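File shown here: run.cif, holding mmCIF, C-alpha atoms and all ligand atoms.
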```cif
data_data
loop_
_atom_site.label_atom_id
_atom_site.label_comp_id
_atom_site.auth_asym_id
_atom_site.auth_seq_id
_atom_site.Cartn_x
_atom_site.Cartn_y
_atom_site.Cartn_z
CA MET A 282 8.44 -9.82 15.78
CA ALA A 283 5.08 -8.15 16.40
CA PRO A 284 2.65 -8.56 13.51
CA ILE A 285 2.41 -5.54 11.23
CA ILE A 286 -1.40 -5.79 11.23
CA SER A 287 -3.39 -7.12 14.12
CA ILE A 288 -7.16 -7.60 13.88
CA ARG A 289 -9.10 -8.54 17.03
CA ASN A 290 -12.76 -9.53 17.20
CA LEU A 291 -13.59 -7.18 14.35
CA THR A 292 -17.27 -6.70 13.61
CA LYS A 293 -19.10 -4.52 11.15
CA THR A 294 -22.82 -3.90 10.97
CA TYR A 295 -23.93 -1.55 8.20
CA SER A 296 -26.56 1.12 8.86
CA ASN A 297 -29.25 -1.08 7.33
CA GLY A 298 -28.56 -3.66 10.05
CA PHE A 299 -26.61 -6.05 7.82
CA GLN A 300 -23.74 -7.71 9.68
CA ALA A 301 -20.90 -7.96 7.17
CA LEU A 302 -18.15 -9.00 9.63
CA LYS A 303 -18.84 -11.31 12.55
CA GLY A 304 -15.74 -11.28 14.74
CA ILE A 305 -12.56 -11.56 12.69
CA ASP A 306 -9.23 -12.33 14.36
CA LEU A 307 -6.14 -12.16 12.19
CA ASP A 308 -2.46 -11.30 12.51
CA ILE A 309 -0.50 -10.40 9.40
CA GLU A 310 3.27 -10.71 9.57
CA ARG A 311 5.68 -8.19 8.14
CA GLY A 312 6.79 -9.07 4.62
CA GLU A 313 4.28 -11.82 3.92
CA ILE A 314 1.84 -12.19 1.05
CA LEU A 315 -1.60 -13.09 2.30
CA ALA A 316 -4.36 -13.97 -0.12
CA LEU A 317 -7.93 -13.57 1.07
CA LEU A 318 -10.32 -15.81 -0.76
CA GLY A 319 -14.05 -15.66 -0.52
CA PRO A 320 -17.16 -15.64 -2.65
CA ASN A 321 -18.96 -12.40 -3.58
CA GLY A 322 -20.25 -10.58 -0.53
CA ALA A 323 -18.04 -12.54 1.90
CA GLY A 324 -16.79 -9.36 3.61
CA LYS A 325 -13.33 -8.99 2.07
CA THR A 326 -13.70 -5.39 0.91
CA THR A 327 -15.38 -4.42 4.18
CA MET A 328 -12.44 -5.80 6.15
CA ILE A 329 -9.87 -4.10 3.92
CA SER A 330 -11.76 -0.80 4.11
CA ILE A 331 -11.64 -0.88 7.90
CA VAL A 332 -7.92 -1.67 8.01
CA CYS A 333 -7.31 1.15 5.54
CA GLY A 334 -9.38 3.57 7.61
CA ILE A 335 -12.02 4.09 4.92
CA ALA A 336 -14.81 2.48 6.95
CA ASN A 337 -15.34 2.40 10.70
CA PRO A 338 -15.55 -0.85 12.63
CA SER A 339 -18.65 -1.53 14.73
CA GLY A 340 -16.62 -3.47 17.31
CA GLY A 341 -13.19 -4.91 17.93
CA MET A 342 -9.80 -3.41 17.26
CA VAL A 343 -7.33 -3.13 14.39
CA THR A 344 -3.74 -1.95 14.72
CA VAL A 345 -1.29 -1.26 11.93
CA GLY A 346 2.36 -0.99 12.96
CA GLY A 347 1.10 -0.80 16.56
CA HIS A 348 -1.21 2.17 15.84
CA ASP A 349 -4.97 2.05 16.21
CA VAL A 350 -6.63 2.50 12.79
CA VAL A 351 -9.40 4.66 14.20
CA LYS A 352 -7.58 6.83 16.77
CA GLU A 353 -4.30 7.11 14.86
CA PHE A 354 -5.73 7.22 11.38
CA ARG A 355 -2.99 9.37 9.87
CA ALA A 356 -0.14 7.18 11.08
CA THR A 357 -1.76 3.96 9.84
CA ARG A 358 -2.94 5.39 6.52
CA ALA A 359 0.61 6.59 5.75
CA MET A 360 1.86 3.01 6.02
CA ILE A 361 -0.72 1.61 3.61
CA GLY A 362 -1.11 1.65 -0.15
CA LEU A 363 -4.52 0.57 -1.40
CA VAL A 364 -5.17 -0.60 -4.92
CA PRO A 365 -8.93 -0.36 -5.34
CA GLN A 366 -10.95 -2.31 -7.87
CA GLU A 367 -11.59 0.68 -10.11
CA LEU A 368 -9.89 3.87 -11.24
CA THR A 369 -11.76 6.93 -10.06
CA THR A 370 -9.30 9.68 -10.97
CA ASP A 371 -9.55 12.27 -13.68
CA LEU A 372 -9.12 10.55 -17.02
CA PHE A 373 -7.81 13.78 -18.60
CA GLU A 374 -4.81 13.84 -16.26
CA THR A 375 -1.44 12.39 -17.30
CA VAL A 376 0.02 9.27 -15.74
CA TRP A 377 2.91 11.26 -14.25
CA ASN A 378 0.66 13.88 -12.65
CA THR A 379 -1.82 11.35 -11.32
CA VAL A 380 0.85 9.31 -9.59
CA SER A 381 2.77 12.34 -8.29
CA PHE A 382 -0.45 13.86 -6.97
CA SER A 383 -1.21 10.67 -5.06
CA ARG A 384 2.09 10.98 -3.23
CA GLY A 385 1.21 14.53 -2.23
CA LEU A 386 -2.18 13.38 -0.93
CA HIS A 387 -0.37 11.22 1.57
CA GLY A 388 1.55 14.23 2.81
CA LYS A 389 4.88 13.15 1.32
CA LYS A 390 7.35 15.58 -0.22
CA PRO A 391 7.73 15.34 -4.02
CA ASP A 392 10.27 12.71 -5.06
CA PRO A 393 10.48 12.52 -8.87
CA ALA A 394 13.16 9.82 -8.68
CA HIS A 395 10.83 7.54 -6.72
CA ILE A 396 7.91 8.19 -9.07
CA GLU A 397 10.16 7.39 -12.03
CA GLN A 398 11.23 4.12 -10.40
CA VAL A 399 7.63 3.11 -9.72
CA LEU A 400 6.58 3.89 -13.30
CA ARG A 401 9.56 1.99 -14.69
CA ASP A 402 8.87 -1.03 -12.48
CA LEU A 403 5.31 -1.14 -13.75
CA SER A 404 6.33 -0.67 -17.40
CA LEU A 405 4.53 2.67 -17.48
CA TRP A 406 7.53 4.90 -18.07
CA ASP A 407 6.94 5.37 -21.79
CA LYS A 408 3.31 6.26 -21.03
CA LYS A 409 4.11 8.87 -18.39
CA ASP A 410 2.87 11.77 -20.54
CA ASN A 411 -0.23 10.00 -21.80
CA MET A 412 -3.61 10.93 -20.45
CA LEU A 413 -5.29 8.11 -18.55
CA ARG A 414 -8.10 7.93 -21.09
CA GLN A 415 -5.53 7.01 -23.72
CA LEU A 416 -4.47 3.89 -21.84
CA SER A 417 -5.72 0.35 -22.22
CA GLY A 418 -7.65 -1.25 -19.35
CA GLY A 419 -4.56 -3.16 -18.28
CA MET A 420 -2.40 -0.05 -18.27
CA LYS A 421 -5.01 1.75 -16.16
CA ARG A 422 -4.71 -1.07 -13.64
CA ARG A 423 -0.97 -0.55 -13.51
CA VAL A 424 -1.61 3.15 -12.82
CA LEU A 425 -3.75 2.09 -9.84
CA ILE A 426 -0.81 0.16 -8.45
CA ALA A 427 1.60 3.03 -9.20
CA LYS A 428 -0.68 5.42 -7.29
CA ALA A 429 -0.77 3.07 -4.32
CA LEU A 430 3.03 2.79 -4.34
CA SER A 431 3.66 6.50 -4.82
CA HIS A 432 4.11 7.18 -1.10
CA GLU A 433 6.36 4.17 -0.42
CA PRO A 434 3.92 2.23 1.75
CA GLU A 435 5.08 -0.70 3.87
CA ILE A 436 1.79 -2.48 3.31
CA LEU A 437 -0.02 -2.90 0.03
CA PHE A 438 -3.64 -3.97 -0.26
CA LEU A 439 -4.70 -5.23 -3.65
CA ASP A 440 -8.45 -5.62 -4.01
CA GLU A 441 -8.94 -8.08 -6.86
CA PRO A 442 -5.95 -6.78 -8.79
CA THR A 443 -6.40 -8.98 -11.79
CA ALA A 444 -10.17 -9.23 -12.15
CA GLY A 445 -10.97 -9.10 -15.83
CA VAL A 446 -7.39 -8.74 -17.07
CA ASP A 447 -5.83 -11.09 -19.59
CA VAL A 448 -3.43 -13.86 -18.68
CA THR A 449 -0.31 -11.96 -19.77
CA LEU A 450 -1.15 -8.95 -17.67
CA ARG A 451 -2.03 -11.16 -14.73
CA LYS A 452 1.39 -12.78 -14.89
CA ASP A 453 3.02 -9.32 -15.18
CA MET A 454 1.18 -8.25 -12.05
CA TRP A 455 2.42 -11.32 -10.21
CA HIS A 456 5.96 -10.35 -11.12
CA VAL A 457 5.38 -6.86 -9.75
CA VAL A 458 4.09 -8.41 -6.53
CA GLU A 459 7.16 -10.65 -6.34
CA ARG A 460 9.46 -7.64 -6.73
CA LEU A 461 7.62 -5.81 -3.98
CA ARG A 462 7.89 -8.78 -1.70
CA ALA A 463 11.62 -8.89 -2.35
CA ASN A 464 11.75 -5.31 -1.05
CA GLY A 465 10.00 -6.38 2.14
CA THR A 466 6.54 -4.97 1.38
CA THR A 467 3.68 -6.75 3.14
CA ILE A 468 0.98 -7.62 0.61
CA ILE A 469 -2.64 -8.54 1.18
CA LEU A 470 -4.68 -9.37 -1.86
CA THR A 471 -8.26 -10.40 -2.33
CA THR A 472 -8.99 -12.57 -5.26
CA HIS A 473 -11.54 -14.83 -6.85
CA TYR A 474 -8.78 -16.52 -8.79
CA ILE A 475 -7.65 -19.41 -6.72
CA GLU A 476 -4.84 -19.94 -9.19
CA GLU A 477 -3.56 -16.52 -8.15
CA ALA A 478 -3.50 -17.42 -4.45
CA GLU A 479 -1.88 -20.74 -5.28
CA GLU A 480 0.80 -19.01 -7.33
CA ILE A 481 1.87 -16.09 -5.18
CA ALA A 482 0.60 -16.26 -1.60
CA ASP A 483 2.55 -17.41 1.46
CA ARG A 484 -0.65 -17.77 3.46
CA VAL A 485 -4.26 -18.12 2.46
CA GLY A 486 -7.27 -16.91 4.40
CA VAL A 487 -10.78 -18.00 3.51
CA ILE A 488 -13.66 -15.65 4.36
CA ASN A 489 -17.32 -16.47 4.02
CA GLY A 490 -20.43 -14.89 5.51
CA GLY A 491 -18.36 -12.38 7.49
CA LYS A 492 -16.28 -15.07 9.21
CA LEU A 493 -12.69 -16.09 8.69
CA LEU A 494 -13.04 -19.83 8.14
CA LEU A 495 -9.33 -20.43 8.25
CA VAL A 496 -5.98 -18.87 7.67
CA GLU A 497 -3.10 -21.18 6.99
CA ASP A 498 0.28 -21.43 5.39
CA LYS A 499 -0.46 -22.34 1.79
CA LYS A 500 1.71 -25.44 1.72
CA THR A 501 0.37 -26.71 5.06
CA LEU A 502 -3.16 -26.13 3.83
CA MET A 503 -2.59 -28.16 0.73
CA THR A 504 -1.02 -31.02 2.68
CA LYS A 505 -3.54 -30.98 5.49
CA LEU A 506 -6.69 -30.65 3.46
CA GLY A 507 -5.42 -31.78 0.11
CA ARG A 508 -6.62 -35.12 -1.17
CA LYS A 509 -4.92 -37.24 -3.73
CA GLN A 510 -6.31 -39.77 -6.12
CA LEU A 511 -4.57 -42.74 -7.61
CA ILE A 512 -6.24 -43.81 -10.83
CA LEU A 513 -5.60 -47.32 -12.11
CA ASP A 514 -6.55 -48.29 -15.69
CA LEU A 515 -7.61 -51.89 -15.32
CA THR A 516 -6.77 -54.58 -17.86
CA GLU A 517 -10.18 -56.19 -17.25
CA PRO A 518 -13.24 -54.11 -16.22
CA LEU A 519 -14.82 -54.84 -12.83
CA ASP A 520 -18.53 -54.93 -11.97
CA ALA A 521 -17.92 -53.77 -8.43
CA VAL A 522 -15.12 -53.03 -5.98
CA PRO A 523 -14.21 -56.46 -4.57
CA PRO A 524 -15.83 -56.81 -1.10
CA CYS A 525 -12.49 -57.46 0.59
CA LEU A 526 -11.24 -54.05 -0.60
CA ASP A 527 -14.48 -52.19 0.01
CA GLY A 528 -14.58 -49.22 2.38
CA ASN A 529 -10.96 -48.26 1.80
CA GLY A 530 -11.46 -45.15 -0.31
CA LEU A 531 -11.87 -47.19 -3.50
CA SER A 532 -14.44 -46.54 -6.19
CA LEU A 533 -14.94 -47.58 -9.78
CA GLY A 534 -14.80 -45.17 -12.70
CA PRO A 535 -17.21 -45.25 -15.67
CA ASN A 536 -17.75 -48.74 -17.16
CA GLY A 537 -15.66 -50.26 -14.40
CA THR A 538 -12.48 -49.76 -16.41
CA THR A 539 -10.73 -47.62 -13.81
CA LEU A 540 -10.27 -48.09 -10.12
CA ILE A 541 -9.98 -44.83 -8.20
CA TYR A 542 -8.28 -44.66 -4.84
CA ASP A 543 -8.82 -41.54 -2.69
CA PHE A 544 -6.19 -41.08 -0.06
CA ASP A 545 -4.83 -38.33 2.11
CA ALA A 546 -1.59 -36.81 0.96
CA GLU A 547 0.16 -37.31 4.31
CA HIS A 548 0.08 -41.10 4.33
CA GLU A 549 0.48 -41.84 0.66
CA GLN A 550 3.53 -44.11 0.59
CA SER A 551 2.39 -46.80 2.98
CA SER A 552 -1.24 -46.92 1.87
CA ILE A 553 -0.45 -47.22 -1.84
CA ALA A 554 1.99 -50.07 -1.23
CA VAL A 555 -0.66 -51.93 0.79
CA LEU A 556 -3.31 -51.37 -1.87
CA LEU A 557 -1.11 -52.54 -4.73
CA SER A 558 -0.15 -55.75 -2.96
CA ARG A 559 -3.81 -56.47 -2.13
CA LEU A 560 -4.84 -55.92 -5.73
CA SER A 561 -2.15 -58.27 -6.90
CA ALA A 562 -3.30 -60.89 -4.36
CA GLU A 563 -6.86 -60.51 -5.74
CA GLY A 564 -5.59 -61.01 -9.31
CA ILE A 565 -6.62 -57.47 -10.33
CA HIS A 566 -4.13 -56.08 -12.85
CA PHE A 567 -3.76 -52.66 -14.36
CA LYS A 568 -2.06 -51.33 -17.48
CA ASP A 569 -1.47 -47.76 -16.39
CA LEU A 570 -1.66 -45.58 -13.30
CA SER A 571 -1.78 -41.85 -12.69
CA THR A 572 -2.33 -39.51 -9.73
CA ARG A 573 -4.31 -36.35 -9.29
CA GLN A 574 -3.89 -33.89 -6.41
CA SER A 575 -6.76 -31.74 -5.23
CA SER A 576 -6.07 -28.09 -5.90
CA LEU A 577 -6.63 -25.12 -3.66
CA GLU A 578 -9.82 -24.68 -5.63
CA ASP A 579 -11.19 -28.06 -4.49
CA ILE A 580 -10.25 -27.21 -0.91
CA PHE A 581 -11.86 -23.78 -1.14
CA VAL A 582 -15.09 -25.06 -2.65
CA SER A 583 -15.45 -27.74 0.01
CA LEU A 584 -14.70 -25.29 2.88
CA VAL A 585 -17.16 -22.69 1.67
CA GLY A 586 -19.74 -25.41 1.00
CA GLU A 587 -19.38 -26.78 4.54
CA SER A 588 -19.79 -23.35 6.13
CA LYS A 589 -23.18 -22.71 4.53
N1 LIG B 1 -22.67 0.19 2.54
C1 LIG B 1 -23.25 -0.99 2.73
N2 LIG B 1 -24.46 -1.10 3.31
C2 LIG B 1 -25.05 -2.29 3.53
N3 LIG B 1 -24.48 -3.49 3.19
C3 LIG B 1 -23.29 -3.45 2.61
C4 LIG B 1 -22.59 -2.21 2.34
N4 LIG B 1 -21.41 -2.49 1.75
C5 LIG B 1 -21.35 -3.85 1.66
N5 LIG B 1 -22.48 -4.41 2.16
C6 LIG B 1 -22.78 -5.85 2.25
O1 LIG B 1 -21.80 -6.47 3.06
C7 LIG B 1 -21.45 -7.76 2.54
C8 LIG B 1 -19.96 -7.84 2.32
O2 LIG B 1 -19.59 -6.98 1.24
P1 LIG B 1 -18.09 -6.84 0.76
O3 LIG B 1 -18.05 -5.82 -0.31
O4 LIG B 1 -17.22 -6.65 1.94
O5 LIG B 1 -17.83 -8.30 0.15
P2 LIG B 1 -16.62 -8.85 -0.72
O6 LIG B 1 -16.18 -10.11 -0.03
O7 LIG B 1 -15.60 -7.80 -0.92
O8 LIG B 1 -17.36 -9.20 -2.07
P3 LIG B 1 -16.88 -9.10 -3.61
O9 LIG B 1 -15.99 -10.28 -3.81
O10 LIG B 1 -18.17 -9.22 -4.32
O11 LIG B 1 -16.20 -7.78 -3.79
C9 LIG B 1 -22.28 -7.93 1.27
O12 LIG B 1 -23.41 -8.70 1.58
C10 LIG B 1 -22.66 -6.52 0.89
O13 LIG B 1 -23.91 -6.51 0.23
#
```

Re-express the file's structure as structure tokens.
Ligand SMILES: Nc1ncnc2c1ncn2[C@@H]1O[C@H](COP(=O)(O)OP(=O)(O)OP(=O)(O)O)[C@@H](O)[C@H]1O
Amino acid sequence: MAPIISIRNLTKTYSNGFQALKGIDLDIERGEILALLGPNGAGKTTMISIVCGIANPSGGMVTVGGHDVVKEFRATRAMIGLVPQELTTDLFETVWNTVSFSRGLHGKKPDPAHIEQVLRDLSLWDKKDNMLRQLSGGMKRRVLIAKALSHEPEILFLDEPTAGVDVTLRKDMWHVVERLRANGTTIILTTHYIEEAEEIADRVGVINGGKLLLVEDKKTLMTKLGRKQLILDLTEPLDAVPPCLDGNGLSLGPNGTTLIYDFDAEHEQSSIAVLLSRLSAEGIHFKDLSTRQSSLEDIFVSLVGESK
């Protein structure tokens, strides 16, 4: 099936001459959850703004559902719901009116049943008559999502949906995202929380300095780039890694009481068996062993570090 969003050689240079995007190529499949990770100023919001038709590209092409985001702005905008970082609507308006009004802005006929469903899904139903200023920060964030869903978009962009919210609310948001995915909505989220990408994304894209460093299936990424460590608690401390074992990803922990073996996750079985038999042949014994897998965070930090 054709991708729902197709981005080709996208560039953006702001009027002050700053090049925020330097040739992005990306296809987003229908129904997937893509997490875009990147440090502050990487270009995530710029890219989203162009796809959503809020900012103009300087070069390249973006299509949404086969329509050009510049030439066919109305068609593409109707397919997209955008959850911005901050609420900018009138705080004296009620939740119900705010969300209903958003639907109208997208040129859709009123549909109270749909608005009710959205508010119920986001646990906002009992707040429908409250003014926005009477809501907690977390509730306001839910209103942002409700507004973005008011016109039944096929694609939802979430720009740092959980920045600054507590753990409970973050988990609630993840559930909302899961429900939307089950309905076939395509979801693109930007986040600084790697835990968030690890938890809910199907694919992860890493942006830095206006370039897409990689985009990969999350599981593949973790296997390909993920490192594992085997940590052995030695019965007798060592002064140094025995020369015959040197250069094989082995290092000593503090005080020489642990032997640490770095290995790649794809070849773990064979290499651990070899190591353990060599240790035994060398008369090196251990009383305990544990493993540690590098997280998406480790992978992200090393990728962004390398690209500098
Ligand atoms: N209107 C503008 N004029 C000039 N430069 C801009 C403008 N908007 C953004 N930039 C610059 O473009 C770069 C990318 O910004 P962008 O907001 O896309 O990053 P981001 O990845 O979303 O960052 P954050 O995680 O901090 O939201 C930054 O260096 C920013 O300062």

Would you mind listing the residues within 6 Å of ligand LIG 1 (chain B), counting all atoms listed in the file, as an mmCIF file with C-alpha atoms, in the frame of the given file?
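Printed below is pocket34.cif as written:
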```cif
data_model
loop_
_atom_site.group_PDB
_atom_site.id
_atom_site.type_symbol
_atom_site.label_atom_id
_atom_site.label_comp_id
_atom_site.auth_asym_id
_atom_site.auth_seq_id
_atom_site.Cartn_x
_atom_site.Cartn_y
_atom_site.Cartn_z
ATOM 1 C CA TYR A 295 -23.930 -1.550 8.200
ATOM 2 C CA ASN A 297 -29.250 -1.080 7.330
ATOM 3 C CA PHE A 299 -26.610 -6.050 7.820
ATOM 4 C CA ALA A 301 -20.900 -7.960 7.170
ATOM 5 C CA GLY A 319 -14.050 -15.660 -0.520
ATOM 6 C CA PRO A 320 -17.160 -15.640 -2.650
ATOM 7 C CA ASN A 321 -18.960 -12.400 -3.580
ATOM 8 C CA GLY A 322 -20.250 -10.580 -0.530
ATOM 9 C CA ALA A 323 -18.040 -12.540 1.900
ATOM 10 C CA GLY A 324 -16.790 -9.360 3.610
ATOM 11 C CA LYS A 325 -13.330 -8.990 2.070
ATOM 12 C CA THR A 326 -13.700 -5.390 0.910
ATOM 13 C CA THR A 327 -15.380 -4.420 4.180
#
```

Non-local contacts of His395 in chain A (12 Å; all atoms listed in the file; under 4 positions in same chain excluded) as a PyMOL selection string:
chain A and resi 377+380-381+384+389-391+399-402+427-428+430-433

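Reported to one decimal place, the separation of CA of Phe438 in chain A from CA of Thr379 in chain A is 19.0 Å.
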
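Distances here use all atoms listed in the file; by that measure, the residue among A:Asp569, A:Asp440, A:Glu563, A:Glu497 closest to His473 in chain A is A:Asp440.
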
Correct to one decimal, the distance CA of Val343 in chain A-CA of Ser287 in chain A is 5.6 Å

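If you count all atoms listed in the file and ignore residues fewer than 5 places along the chain from Ala463 in chain A, what sits within 10 Å of it is Gly312, Val457 and Val458 of chain A.
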
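Nearest-residue note for Leu403 in chain A: choosing from A:Ile314, A:Val424, A:Leu526, A:Leu531, the minimum distance belongs to A:Val424, counting only C-alpha atoms.
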
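The protein and nucleic acid residues lying at most 10 Å from Thr294 in chain A are A:Gln300, A:Ala301, A:Leu302, A:Lys303, A:Asn337, A:Pro338, A:Ser339, A:Gly340, with all atoms listed in the file considered and sequence neighbours fewer than 6 positions away removed.
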
Mind writing the picked residues with C-alpha atoms as a PDB file, in the frame of the given file?
```pdb
ATOM      1  CA  GLN A 300     -23.740  -7.710   9.680  1.00  0.00           C
ATOM      2  CA  ALA A 301     -20.900  -7.960   7.170  1.00  0.00           C
ATOM      3  CA  LEU A 302     -18.150  -9.000   9.630  1.00  0.00           C
ATOM      4  CA  LYS A 303     -18.840 -11.310  12.550  1.00  0.00           C
ATOM      5  CA  ASN A 337     -15.340   2.400  10.700  1.00  0.00           C
ATOM      6  CA  PRO A 338     -15.550  -0.850  12.630  1.00  0.00           C
ATOM      7  CA  SER A 339     -18.650  -1.530  14.730  1.00  0.00           C
ATOM      8  CA  GLY A 340     -16.620  -3.470  17.310  1.00  0.00           C
TER       9      GLY A 340
END
```

What gap, in Å, lies between CA of Thr344 in chain A and CA of Leu493 in chain A?
17.8 Å

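Nearest residue to Trp406 in chain A, choosing from A:Gly388, A:Phe382, A:Leu470, A:Thr375 and counting all atoms listed in the file: A:Thr375.
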
Per residue of range 292-370 of chain A within 9 Å of range 442-453 of chain A, record the nearest atom pair and its distance in Å to one decimal, counting all atoms listed in the file, with rows in chain order and ascending residue number, as JSON lines.
```
{"residue": "A:Val364", "atom": "CA", "partner": "A:Pro442", "partner_atom": "CA", "distance": 7.3}
{"residue": "A:Pro365", "atom": "CA", "partner": "A:Pro442", "partner_atom": "CA", "distance": 7.9}
{"residue": "A:Gln366", "atom": "CA", "partner": "A:Pro442", "partner_atom": "CA", "distance": 6.8}
```

Given only C-alpha atoms as the basis, pick out the residue of A:Leu533, A:Val582, A:Leu425, A:Ala359 nearest to Gly385 in chain A.
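Closest to Gly385 in chain A of all the choices is A:Ala359.
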
Pick from A:Gly362, A:Asp306, A:Gly347, A:Leu513 nearest to Thr466 in chain A, counting all atoms listed in the file
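Looking only at the distances to Thr466 in chain A, the closest residue turns out to be A:Gly362.
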